[in-house]
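Have a look at model39.cif below; it lists mmCIF, C-alpha atoms and all ligand atoms.
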data_entry
#
loop_
_atom_site.group_PDB
_atom_site.id
_atom_site.type_symbol
_atom_site.label_atom_id
_atom_site.label_comp_id
_atom_site.auth_asym_id
_atom_site.auth_seq_id
_atom_site.Cartn_x
_atom_site.Cartn_y
_atom_site.Cartn_z
ATOM 1 C CA MET A 1 -4.408 19.611 16.894
ATOM 2 C CA TYR A 2 -8.054 19.461 15.823
ATOM 3 C CA CYS A 3 -8.744 15.971 17.224
ATOM 4 C CA GLN A 4 -10.058 17.200 20.562
ATOM 5 C CA PHE A 5 -12.378 19.670 18.874
ATOM 6 C CA TYR A 6 -13.973 16.913 16.804
ATOM 7 C CA GLY A 7 -13.703 14.291 19.557
ATOM 8 C CA LEU A 8 -11.394 12.076 17.489
ATOM 9 C CA LYS A 9 -8.900 9.544 18.889
ATOM 10 C CA GLU A 10 -6.398 10.312 16.141
ATOM 11 C CA ARG A 11 -6.082 12.179 12.874
ATOM 12 C CA PRO A 12 -8.258 10.362 10.328
ATOM 13 C CA PHE A 13 -6.390 11.481 7.232
ATOM 14 C CA ASN A 14 -2.752 10.838 7.996
ATOM 15 C CA VAL A 15 -0.716 10.141 4.883
ATOM 16 C CA THR A 16 1.051 7.114 6.347
ATOM 17 C CA SER A 17 0.068 3.689 4.993
ATOM 18 C CA ASP A 18 -1.517 2.497 8.241
ATOM 19 C CA PRO A 19 -3.406 -0.762 7.549
ATOM 20 C CA ALA A 20 -5.731 -0.058 10.488
ATOM 21 C CA PHE A 21 -7.470 2.437 8.208
ATOM 22 C CA PHE A 22 -7.749 -0.013 5.299
ATOM 23 C CA PHE A 23 -10.856 0.660 3.235
ATOM 24 C CA SER A 24 -11.932 -2.290 1.170
ATOM 25 C CA SER A 25 -12.804 -0.551 -2.116
ATOM 26 C CA LYS A 26 -13.670 -2.731 -5.105
ATOM 27 C CA LYS A 27 -10.191 -2.331 -6.575
ATOM 28 C CA HIS A 28 -8.306 -2.741 -3.307
ATOM 29 C CA LYS A 29 -10.333 -5.884 -2.641
ATOM 30 C CA GLU A 30 -9.515 -7.238 -6.104
ATOM 31 C CA ALA A 31 -5.831 -6.418 -5.642
ATOM 32 C CA ILE A 32 -5.726 -8.326 -2.331
ATOM 33 C CA SER A 33 -7.563 -11.286 -3.897
ATOM 34 C CA HIS A 34 -5.030 -11.441 -6.732
ATOM 35 C CA LEU A 35 -2.127 -11.362 -4.288
ATOM 36 C CA ILE A 36 -3.627 -14.006 -2.012
ATOM 37 C CA TYR A 37 -4.428 -16.204 -5.018
ATOM 38 C CA GLY A 38 -0.871 -15.865 -6.368
ATOM 39 C CA VAL A 39 0.665 -16.654 -2.988
ATOM 40 C CA SER A 40 -1.609 -19.527 -2.036
ATOM 41 C CA GLN A 41 -1.360 -21.155 -5.471
ATOM 42 C CA ARG A 42 2.426 -20.654 -5.414
ATOM 43 C CA LYS A 43 2.432 -18.847 -8.717
ATOM 44 C CA GLY A 44 6.018 -17.568 -8.482
ATOM 45 C CA ILE A 45 6.120 -13.934 -9.570
ATOM 46 C CA ILE A 46 3.196 -11.583 -8.976
ATOM 47 C CA VAL A 47 3.138 -7.917 -10.018
ATOM 48 C CA LEU A 48 1.006 -5.161 -8.493
ATOM 49 C CA THR A 49 1.195 -1.728 -10.115
ATOM 50 C CA GLY A 50 -0.650 1.529 -9.512
ATOM 51 C CA GLU A 51 -0.180 5.260 -9.839
ATOM 52 C CA ILE A 52 1.378 7.283 -7.007
ATOM 53 C CA GLY A 53 -0.722 7.335 -3.850
ATOM 54 C CA THR A 54 -3.297 4.750 -4.911
ATOM 55 C CA GLY A 55 -2.643 2.490 -1.923
ATOM 56 C CA LYS A 56 0.007 -0.055 -2.935
ATOM 57 C CA THR A 57 2.035 0.116 0.281
ATOM 58 C CA THR A 58 -1.160 0.084 2.336
ATOM 59 C CA ILE A 59 -2.175 -3.102 0.512
ATOM 60 C CA CYS A 60 1.223 -4.684 1.272
ATOM 61 C CA ARG A 61 0.897 -3.869 4.960
ATOM 62 C CA PHE A 62 -2.677 -5.109 5.060
ATOM 63 C CA LEU A 63 -1.618 -8.310 3.299
ATOM 64 C CA LEU A 64 1.229 -8.918 5.764
ATOM 65 C CA ASN A 65 -1.364 -9.014 8.555
ATOM 66 C CA HIS A 66 -3.740 -11.291 6.673
ATOM 67 C CA LEU A 67 -1.605 -14.067 5.247
ATOM 68 C CA GLY A 68 -2.084 -17.461 6.899
ATOM 69 C CA LYS A 69 0.095 -18.757 9.719
ATOM 70 C CA ASN A 70 2.040 -20.998 7.352
ATOM 71 C CA VAL A 71 3.157 -18.026 5.247
ATOM 72 C CA LYS A 72 6.468 -16.397 6.127
ATOM 73 C CA THR A 73 7.343 -13.053 4.615
ATOM 74 C CA ALA A 74 10.237 -10.769 3.865
ATOM 75 C CA PHE A 75 9.243 -7.183 3.083
ATOM 76 C CA ILE A 76 11.738 -4.964 1.272
ATOM 77 C CA LEU A 77 10.696 -1.324 1.243
ATOM 78 C CA ASN A 78 13.328 0.760 -0.520
ATOM 79 C CA PRO A 79 15.276 -1.505 -2.806
ATOM 80 C CA ALA A 80 18.138 0.860 -3.662
ATOM 81 C CA PHE A 81 20.644 -1.921 -3.129
ATOM 82 C CA SER A 82 23.518 -3.721 -4.742
ATOM 83 C CA GLU A 83 22.905 -7.408 -5.547
ATOM 84 C CA SER A 84 24.581 -8.646 -2.367
ATOM 85 C CA GLN A 85 22.806 -6.038 -0.225
ATOM 86 C CA LEU A 86 19.452 -7.122 -1.637
ATOM 87 C CA LEU A 87 20.207 -10.750 -0.860
ATOM 88 C CA GLU A 88 21.445 -9.803 2.580
ATOM 89 C CA SER A 89 18.318 -7.873 3.442
ATOM 90 C CA ILE A 90 16.019 -10.660 2.164
ATOM 91 C CA ILE A 91 17.904 -13.166 4.296
ATOM 92 C CA LYS A 92 17.810 -10.893 7.341
ATOM 93 C CA ASP A 93 14.081 -10.331 6.956
ATOM 94 C CA PHE A 94 13.464 -14.073 6.849
ATOM 95 C CA GLY A 95 15.531 -14.334 10.040
ATOM 96 C CA ILE A 96 18.340 -16.443 8.568
ATOM 97 C CA ALA A 97 21.870 -15.913 9.844
ATOM 98 C CA PRO A 98 24.348 -16.931 7.103
ATOM 99 C CA LYS A 99 27.877 -17.824 8.157
ATOM 100 C CA THR A 100 29.570 -16.113 5.221
ATOM 101 C CA LYS A 101 28.408 -13.924 2.381
ATOM 102 C CA LEU A 102 29.244 -16.664 -0.087
ATOM 103 C CA ASP A 103 26.807 -18.922 1.715
ATOM 104 C CA MET A 104 23.849 -16.627 1.249
ATOM 105 C CA VAL A 105 22.128 -18.226 -1.746
ATOM 106 C CA TRP A 106 22.902 -21.689 -0.412
ATOM 107 C CA GLU A 107 21.514 -20.782 3.033
ATOM 108 C CA LEU A 108 18.428 -19.220 1.495
ATOM 109 C CA ASN A 109 17.843 -22.288 -0.650
ATOM 110 C CA ASN A 110 18.191 -24.581 2.376
ATOM 111 C CA PHE A 111 15.902 -22.376 4.419
ATOM 112 C CA LEU A 112 13.257 -22.400 1.684
ATOM 113 C CA LEU A 113 13.484 -26.181 1.358
ATOM 114 C CA ARG A 114 13.253 -26.675 5.121
ATOM 115 C CA GLU A 115 10.264 -24.360 5.404
ATOM 116 C CA SER A 116 8.583 -25.914 2.393
ATOM 117 C CA ASN A 117 9.006 -29.385 3.894
ATOM 118 C CA ALA A 118 7.428 -28.061 7.076
ATOM 119 C CA GLY A 119 4.398 -27.005 5.025
ATOM 120 C CA ASN A 120 5.240 -23.306 4.967
ATOM 121 C CA ASN A 121 5.026 -20.897 2.050
ATOM 122 C CA LEU A 122 7.631 -18.150 1.696
ATOM 123 C CA VAL A 123 6.835 -14.768 0.246
ATOM 124 C CA LEU A 124 9.134 -11.926 -0.709
ATOM 125 C CA ILE A 125 7.396 -8.567 -1.140
ATOM 126 C CA VAL A 126 9.393 -5.801 -2.815
ATOM 127 C CA ASP A 127 7.755 -2.373 -2.634
ATOM 128 C CA GLU A 128 8.896 0.531 -4.839
ATOM 129 C CA ALA A 129 10.038 -2.137 -7.293
ATOM 130 C CA GLN A 130 10.043 0.439 -10.113
ATOM 131 C CA ASN A 131 13.397 1.482 -8.642
ATOM 132 C CA LEU A 132 14.959 -1.956 -9.059
ATOM 133 C CA LYS A 133 17.807 -1.940 -11.545
ATOM 134 C CA PRO A 134 17.613 -4.616 -14.269
ATOM 135 C CA ASN A 135 20.404 -6.660 -12.607
ATOM 136 C CA LEU A 136 18.357 -6.799 -9.368
ATOM 137 C CA LEU A 137 15.220 -7.835 -11.225
ATOM 138 C CA GLU A 138 17.280 -10.598 -12.844
ATOM 139 C CA GLN A 139 18.530 -11.637 -9.396
ATOM 140 C CA ILE A 140 14.949 -11.816 -8.173
ATOM 141 C CA ARG A 141 14.047 -13.985 -11.157
ATOM 142 C CA LEU A 142 16.855 -16.360 -10.226
ATOM 143 C CA LEU A 143 15.564 -16.549 -6.647
ATOM 144 C CA SER A 144 12.081 -17.290 -7.887
ATOM 145 C CA ASN A 145 13.581 -20.195 -9.874
ATOM 146 C CA LEU A 146 14.244 -22.066 -6.659
ATOM 147 C CA GLU A 147 11.729 -24.865 -6.683
ATOM 148 C CA THR A 148 10.957 -28.471 -5.895
ATOM 149 C CA GLU A 149 9.599 -30.790 -8.569
ATOM 150 C CA LYS A 150 6.101 -29.615 -7.752
ATOM 151 C CA ASP A 151 6.228 -26.140 -6.256
ATOM 152 C CA LYS A 152 7.894 -22.760 -6.374
ATOM 153 C CA LEU A 153 9.760 -22.355 -3.089
ATOM 154 C CA LEU A 154 9.571 -18.567 -3.061
ATOM 155 C CA GLN A 155 6.661 -16.394 -4.147
ATOM 156 C CA VAL A 156 7.710 -12.900 -5.144
ATOM 157 C CA ILE A 157 5.368 -9.903 -5.144
ATOM 158 C CA LEU A 158 6.755 -6.920 -7.035
ATOM 159 C CA VAL A 159 4.904 -3.725 -6.166
ATOM 160 C CA GLY A 160 5.483 -0.443 -7.940
ATOM 161 C CA GLN A 161 4.396 2.542 -9.943
ATOM 162 C CA PRO A 162 3.539 1.967 -13.609
ATOM 163 C CA GLU A 163 7.199 2.526 -14.584
ATOM 164 C CA LEU A 164 7.767 -0.962 -13.183
ATOM 165 C CA ASN A 165 6.091 -2.315 -16.333
ATOM 166 C CA ASN A 166 8.595 -0.421 -18.498
ATOM 167 C CA ARG A 167 11.406 -2.085 -16.593
ATOM 168 C CA ILE A 168 9.858 -5.513 -16.928
ATOM 169 C CA ASN A 169 9.291 -4.956 -20.644
ATOM 170 C CA LEU A 170 13.023 -4.537 -21.307
ATOM 171 C CA TYR A 171 14.224 -7.095 -23.840
ATOM 172 C CA ASP A 172 16.877 -8.396 -21.434
ATOM 173 C CA LEU A 173 14.218 -9.164 -18.848
ATOM 174 C CA ARG A 174 12.016 -11.299 -21.090
ATOM 175 C CA GLN A 175 12.702 -14.371 -18.957
ATOM 176 C CA LEU A 176 11.342 -12.523 -15.937
ATOM 177 C CA ARG A 177 8.362 -11.304 -17.953
ATOM 178 C CA GLN A 178 7.430 -14.844 -18.942
ATOM 179 C CA ARG A 179 7.370 -15.912 -15.321
ATOM 180 C CA ILE A 180 4.837 -13.336 -14.162
ATOM 181 C CA MET A 181 1.740 -15.415 -13.546
ATOM 182 C CA VAL A 182 -0.471 -12.874 -11.781
ATOM 183 C CA ARG A 183 -0.745 -9.152 -12.461
ATOM 184 C CA TYR A 184 -3.040 -6.442 -11.133
ATOM 185 C CA HIS A 185 -3.112 -2.719 -11.771
ATOM 186 C CA ILE A 186 -4.871 -0.734 -9.083
ATOM 187 C CA GLY A 187 -6.824 2.306 -10.202
ATOM 188 C CA PRO A 188 -8.253 5.220 -8.199
ATOM 189 C CA LEU A 189 -11.445 4.995 -6.126
ATOM 190 C CA ASP A 190 -14.723 5.262 -8.028
ATOM 191 C CA ASN A 191 -16.683 8.457 -7.474
ATOM 192 C CA ASP A 192 -19.312 6.692 -5.392
ATOM 193 C CA GLU A 193 -16.617 5.156 -3.151
ATOM 194 C CA ILE A 194 -15.025 8.452 -2.139
ATOM 195 C CA LYS A 195 -17.711 9.383 0.389
ATOM 196 C CA ALA A 196 -17.623 5.894 1.898
ATOM 197 C CA TYR A 197 -13.805 6.099 2.065
ATOM 198 C CA ILE A 198 -13.946 9.417 3.933
ATOM 199 C CA ASN A 199 -16.592 8.165 6.349
ATOM 200 C CA HIS A 200 -14.684 4.947 6.920
ATOM 201 C CA ARG A 201 -11.527 6.815 7.914
ATOM 202 C CA LEU A 202 -13.498 9.140 10.186
ATOM 203 C CA GLU A 203 -15.105 6.148 11.842
ATOM 204 C CA VAL A 204 -11.781 4.357 12.439
ATOM 205 C CA ALA A 205 -10.450 7.570 13.973
ATOM 206 C CA GLY A 206 -13.314 7.448 16.452
ATOM 207 C CA ALA A 207 -15.775 9.863 14.874
ATOM 208 C CA GLN A 208 -18.764 7.649 15.721
ATOM 209 C CA ASP A 209 -18.051 7.000 19.375
ATOM 210 C CA ARG A 210 -17.093 10.509 20.281
ATOM 211 C CA PRO A 211 -18.331 11.721 23.685
ATOM 212 C CA GLN A 212 -20.829 14.541 23.766
ATOM 213 C CA GLY A 213 -18.637 16.730 25.985
ATOM 214 C CA HIS A 214 -17.244 20.158 25.298
ATOM 215 C CA SER A 215 -14.550 20.603 22.726
ATOM 216 C CA LEU A 216 -11.625 23.013 22.737
ATOM 217 C CA ALA A 217 -13.785 25.772 21.361
ATOM 218 C CA SER A 218 -15.742 27.219 24.224
ATOM 219 C CA ASP A 219 -19.366 26.725 23.155
ATOM 220 C CA CYS A 220 -19.073 24.103 20.485
ATOM 221 C CA GLN A 221 -20.495 20.678 21.438
ATOM 222 C CA SER A 222 -18.798 17.771 19.602
ATOM 223 C CA LYS A 223 -21.065 16.889 16.730
ATOM 224 C CA LYS A 224 -20.777 14.529 13.837
ATOM 225 C CA ILE A 225 -18.374 15.736 11.140
ATOM 226 C CA GLU A 226 -20.326 16.181 7.952
ATOM 227 C CA PHE A 227 -18.967 16.608 4.466
ATOM 228 C CA SER A 228 -21.667 18.078 2.210
ATOM 229 C CA ASN A 229 -22.340 16.403 -1.141
ATOM 230 C CA GLU A 230 -20.904 19.414 -2.950
ATOM 231 C CA ALA A 231 -17.774 19.154 -0.807
ATOM 232 C CA ILE A 232 -17.422 15.471 -1.745
ATOM 233 C CA ASP A 233 -17.851 16.320 -5.436
ATOM 234 C CA ALA A 234 -15.090 18.909 -5.182
ATOM 235 C CA ILE A 235 -12.809 16.420 -3.376
ATOM 236 C CA SER A 236 -13.529 13.867 -6.060
ATOM 237 C CA CYS A 237 -12.665 16.356 -8.787
ATOM 238 C CA PHE A 238 -9.481 17.482 -7.058
ATOM 239 C CA SER A 239 -8.210 14.017 -6.204
ATOM 240 C CA GLY A 240 -9.359 11.989 -9.180
ATOM 241 C CA GLY A 241 -10.068 9.287 -6.565
ATOM 242 C CA THR A 242 -6.428 8.983 -5.439
ATOM 243 C CA PRO A 243 -6.524 8.185 -1.694
ATOM 244 C CA ARG A 244 -3.396 10.169 -0.764
ATOM 245 C CA LEU A 245 -4.836 13.322 -2.357
ATOM 246 C CA ILE A 246 -8.186 12.708 -0.647
ATOM 247 C CA ASN A 247 -6.331 12.466 2.664
ATOM 248 C CA MET A 248 -4.409 15.667 2.041
ATOM 249 C CA ILE A 249 -7.488 17.699 1.248
ATOM 250 C CA CYS A 250 -9.629 16.216 4.039
ATOM 251 C CA ASP A 251 -6.916 16.777 6.637
ATOM 252 C CA ARG A 252 -6.694 20.379 5.599
ATOM 253 C CA ALA A 253 -10.472 20.728 5.542
ATOM 254 C CA LEU A 254 -10.766 19.451 9.122
ATOM 255 C CA LEU A 255 -8.156 21.974 10.180
ATOM 256 C CA ALA A 256 -10.096 24.744 8.410
ATOM 257 C CA GLY A 257 -13.307 23.568 10.111
ATOM 258 C CA PHE A 258 -11.583 23.629 13.481
ATOM 259 C CA VAL A 259 -10.284 27.153 12.897
ATOM 260 C CA THR A 260 -13.773 28.403 11.995
ATOM 261 C CA GLU A 261 -15.376 26.195 14.687
ATOM 262 C CA THR A 262 -17.628 24.205 12.442
ATOM 263 C CA ASN A 263 -18.261 20.467 12.002
ATOM 264 C CA HIS A 264 -19.885 21.031 8.655
ATOM 265 C CA ILE A 265 -17.357 20.800 5.825
ATOM 266 C CA ASP A 266 -18.946 22.470 2.837
ATOM 267 C CA PHE A 267 -17.948 23.310 -0.711
ATOM 268 C CA ASN A 268 -16.429 26.669 0.247
ATOM 269 C CA ILE A 269 -14.051 25.116 2.766
ATOM 270 C CA ILE A 270 -12.925 22.539 0.231
ATOM 271 C CA LYS A 271 -12.557 25.164 -2.472
ATOM 272 C CA ARG A 272 -10.316 27.210 -0.194
ATOM 273 C CA CYS A 273 -8.241 24.167 0.716
ATOM 274 C CA ILE A 274 -7.915 23.194 -2.932
ATOM 275 C CA GLY A 275 -6.668 26.711 -3.625
ATOM 276 C CA GLU A 276 -3.931 26.138 -1.038
ATOM 277 C CA LEU A 277 -3.065 22.646 -2.274
ATOM 278 C CA GLY A 278 -3.781 23.270 -5.962
ATOM 279 C CA SER A 279 -0.343 22.375 -7.203
ATOM 280 C CA TYR A 280 -0.791 18.778 -5.970
ATOM 281 C CA SER A 281 -3.968 18.254 -7.943
ATOM 282 C CA VAL A 282 -3.883 15.521 -10.560
ATOM 283 C CA LYS A 283 -6.562 17.383 -12.491
ATOM 284 C CA ALA A 284 -4.771 20.699 -12.351
ATOM 285 C CA GLY A 285 -1.364 19.066 -12.930
HETATM 286 N N1 LIG A 301 -7.597 1.124 0.657
HETATM 287 C C1 LIG A 301 -7.186 2.113 1.440
HETATM 288 N N2 LIG A 301 -7.755 2.285 2.653
HETATM 289 C C2 LIG A 301 -7.378 3.284 3.474
HETATM 290 N N3 LIG A 301 -6.434 4.173 3.166
HETATM 291 C C3 LIG A 301 -5.832 4.060 1.966
HETATM 292 C C4 LIG A 301 -6.174 3.034 1.047
HETATM 293 N N4 LIG A 301 -5.427 3.173 -0.046
HETATM 294 C C5 LIG A 301 -4.628 4.222 0.181
HETATM 295 N N5 LIG A 301 -4.868 4.755 1.388
HETATM 296 C C6 LIG A 301 -4.196 5.920 1.994
HETATM 297 O O1 LIG A 301 -3.659 6.738 0.964
HETATM 298 C C7 LIG A 301 -2.335 7.131 1.281
HETATM 299 C C8 LIG A 301 -1.391 6.635 0.201
HETATM 300 O O2 LIG A 301 -1.350 5.239 0.240
HETATM 301 P P1 LIG A 301 -0.003 4.406 -0.061
HETATM 302 O O3 LIG A 301 1.160 5.032 0.603
HETATM 303 O O4 LIG A 301 -0.310 2.995 0.239
HETATM 304 O O5 LIG A 301 0.094 4.630 -1.646
HETATM 305 P P2 LIG A 301 1.161 4.061 -2.659
HETATM 306 O O6 LIG A 301 0.407 3.571 -3.843
HETATM 307 O O7 LIG A 301 2.066 3.103 -1.972
HETATM 308 O O8 LIG A 301 1.954 5.391 -3.052
HETATM 309 P P3 LIG A 301 3.405 5.529 -3.705
HETATM 310 O O9 LIG A 301 3.259 5.202 -5.161
HETATM 311 O O10 LIG A 301 3.776 6.974 -3.491
HETATM 312 O O11 LIG A 301 4.328 4.588 -2.995
HETATM 313 C C9 LIG A 301 -2.033 6.582 2.663
HETATM 314 O O12 LIG A 301 -2.297 7.563 3.628
HETATM 315 C C10 LIG A 301 -3.009 5.456 2.835
HETATM 316 O O13 LIG A 301 -3.354 5.264 4.161
HETATM 317 MG MG MG A 302 4.100 3.130 -1.642
#
Taking this structure as input, can you express it in the form of structure tokens?
Amino acid sequence: MYCQFYGLKERPFNVTSDPAFFFSSKKHKEAISHLIYGVSQRKGIIVLTGEIGTGKTTICRFLLNHLGKNVKTAFILNPAFSESQLLESIIKDFGIAPKTKLDMVWELNNFLLRESNAGNNLVLIVDEAQNLKPNLLEQIRLLSNLETEKDKLLQVILVGQPELNNRINLYDLRQLRQRIMVRYHIGPLDNDEIKAYINHRLEVAGAQDRPQGHSLASDCQSKKIEFSNEAIDAISCFSGGTPRLINMICDRALLAGFVTETNHIDFNIIKRCIGELGSYSVKAG
């Protein structure tokens, strides 16, 4: 709606986990490095946790596009499955067609061996893993047991909110716990990264190469969108550095700027938007 006014190609602060907008903050960079290390060194089970909206799914999607050619992946998004459904969807995602359901583990094992012999590394990524029931986590442990004398055949990345750790800490899952070789907990953006994050997203959405033509508003020439320092401070306070909350407030702020025909997003605009979104605030919550 406001894109034309600001001369943007698309909305910069969508709340989807589009990897095209990936901002390499210190913590996101560290998270990716841990995952790549775990996968490339065939460490077996890797766990990535983080609070709601900190960027876990975005990291998964970014990772999927940046793993080497010899890495094949299965990505499970909403693991509310039974044991056989989980296995089925892993197998489907790897592109294996089992003849019968009974064959599934056998087929998967053969597939992993074949791929391993061909020099490939297989990775299973399970997002929202905090929702996995203990029996499914145990099933995943059994899959990660598949190995040759030297290497794990399947690397498993479990991604989830901090409750995932509570699951893993259950007494019955101590075998799984012992097999977790790499862990990373992603925190919010630092205060000094928030401005860079906002600018990065604006840039990807085309804010820098916008034409100098007329916008929707009659007399308003497209100018650079500017967030004042006070506005950034207020966003930082509202969001606690959580990217999804930053996106929500910035999207609303751009709409408010469009309505009042200004490219300058100041403290008052943000304050008004925070008033409207207040109930989402981590600080206020
Ligand atoms: N490093 C990043 N670069 C760019 N955008 C990001 C980054 N991290 C998070 N975001 C944005 O923040 C929003 C939330 O990210 P995402 O959905 O990945 O969070 P999440 O941790 O998976 O949340 P949930 O716990 O609810 O599943 C998305 O719009 C995403 O694009
Ligand atoms: Mg997510």
Inset, instruction - Rounded to one decimal place, report the atom CA of A:Ile246-atom CA of A:Ile52 distance in Å. - result: 12.7 Å
Within 7 Å of ligand LIG 301 (chain A), counting all atoms listed in the file, residues as a PDB file with C-alpha atoms, in the coordinates of the input:
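Result went into pocket_1.pdb, see below:
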ATOM      1  CA  PHE A  13      -6.390  11.481   7.232  1.00  0.00           C
ATOM      2  CA  ASN A  14      -2.752  10.838   7.996  1.00  0.00           C
ATOM      3  CA  VAL A  15      -0.716  10.141   4.883  1.00  0.00           C
ATOM      4  CA  THR A  16       1.051   7.114   6.347  1.00  0.00           C
ATOM      5  CA  SER A  17       0.068   3.689   4.993  1.00  0.00           C
ATOM      6  CA  ASP A  18      -1.517   2.497   8.241  1.00  0.00           C
ATOM      7  CA  PRO A  19      -3.406  -0.762   7.549  1.00  0.00           C
ATOM      8  CA  PHE A  21      -7.470   2.437   8.208  1.00  0.00           C
ATOM      9  CA  PHE A  22      -7.749  -0.013   5.299  1.00  0.00           C
ATOM     10  CA  PHE A  23     -10.856   0.660   3.235  1.00  0.00           C
ATOM     11  CA  SER A  24     -11.932  -2.290   1.170  1.00  0.00           C
ATOM     12  CA  SER A  25     -12.804  -0.551  -2.116  1.00  0.00           C
ATOM     13  CA  HIS A  28      -8.306  -2.741  -3.307  1.00  0.00           C
ATOM     14  CA  GLY A  50      -0.650   1.529  -9.512  1.00  0.00           C
ATOM     15  CA  GLU A  51      -0.180   5.260  -9.839  1.00  0.00           C
ATOM     16  CA  ILE A  52       1.378   7.283  -7.007  1.00  0.00           C
ATOM     17  CA  GLY A  53      -0.722   7.335  -3.850  1.00  0.00           C
ATOM     18  CA  THR A  54      -3.297   4.750  -4.911  1.00  0.00           C
ATOM     19  CA  GLY A  55      -2.643   2.490  -1.923  1.00  0.00           C
ATOM     20  CA  LYS A  56       0.007  -0.055  -2.935  1.00  0.00           C
ATOM     21  CA  THR A  57       2.035   0.116   0.281  1.00  0.00           C
ATOM     22  CA  THR A  58      -1.160   0.084   2.336  1.00  0.00           C
ATOM     23  CA  ILE A  59      -2.175  -3.102   0.512  1.00  0.00           C
ATOM     24  CA  GLU A 128       8.896   0.531  -4.839  1.00  0.00           C
ATOM     25  CA  GLY A 160       5.483  -0.443  -7.940  1.00  0.00           C
ATOM     26  CA  GLN A 161       4.396   2.542  -9.943  1.00  0.00           C
ATOM     27  CA  PRO A 243      -6.524   8.185  -1.694  1.00  0.00           C
ATOM     28  CA  ARG A 244      -3.396  10.169  -0.764  1.00  0.00           C
ATOM     29  CA  ASN A 247      -6.331  12.466   2.664  1.00  0.00           C
TER      30      ASN A 247
END
Inset, instruction - Return as JSON, numbers by chain the set of residues that the PyMOL selection byres (((chain A and resi 140) around 12) and not hetatm) yields on the displayed structure. - result: {"A": [44, 45, 46, 79, 83, 84, 86, 87, 90, 105, 124, 125, 126, 129, 132, 133, 134, 135, 136, 137, 138, 139, 141, 142, 143, 144, 145, 146, 154, 155, 156, 157, 158, 168, 173, 175, 176, 177, 179, 180]}
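You can rank A:Leu67, A:Trp106, A:Leu113, A:Asp127 by their closest distance to ligand MG 302 (chain A) using all atoms listed in the file, and at the top of that list sits A:Asp127.
Distance check against ligand MG 302 (chain A) using all atoms listed in the file: of A:Thr73, A:Gln4, A:Asn110, A:Gln130, the minimum falls on A:Gln130.
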Inset, instruction - Could you expand the PyMOL selection byres (((chain A and resi 12) around 10) and not hetatm) into the explicit residues it covers here, written as an MDAnalysis selection string? - result: chainID A and resid 3 8:11 13:15 21 198:207 247 250:251 254
Inset, instruction - Name the residues that the PyMOL selection byres (((chain A and resi 96) around 12) and not hetatm) pulls out of this structure, and write them as number ranges by chain. - result: A: 74, 87-95, 97-100, 103-112, 114-115
Legend entry - atom CA of A:His264 to atom CA of A:Ser228, straight-line distance in Å: 7.3 Å
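Here atom CA of A:Gly187 is placed at a distance of 10.1 Å from atom CA of A:Gly240.
You can rank A:Asn70, A:Ser40, A:Ser33, A:Asn78 by their closest distance to ligand MG 302 (chain A) using all atoms listed in the file, and at the top of that list sits A:Asn78.
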Inset, instruction - Find, counting all atoms listed in the file, the residue in A:Asn120, A:Asn191, A:Gln41, A:Gln178 that gets nearest to A:Phe238. - result: A:Asn191
Inset, instruction - Kindly indicate which residue among A:Tyr6, A:Leu102, A:Cys60, A:Pro188 lies nearest to A:Glu261, using all atoms listed in the file for the distances. - result: A:Tyr6
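With all atoms listed in the file as the basis for measurement, A:Leu77 is the residue among A:Ile232, A:Leu77, A:Ala20, A:Ala256 that approaches ligand MG 302 (chain A) most closely.
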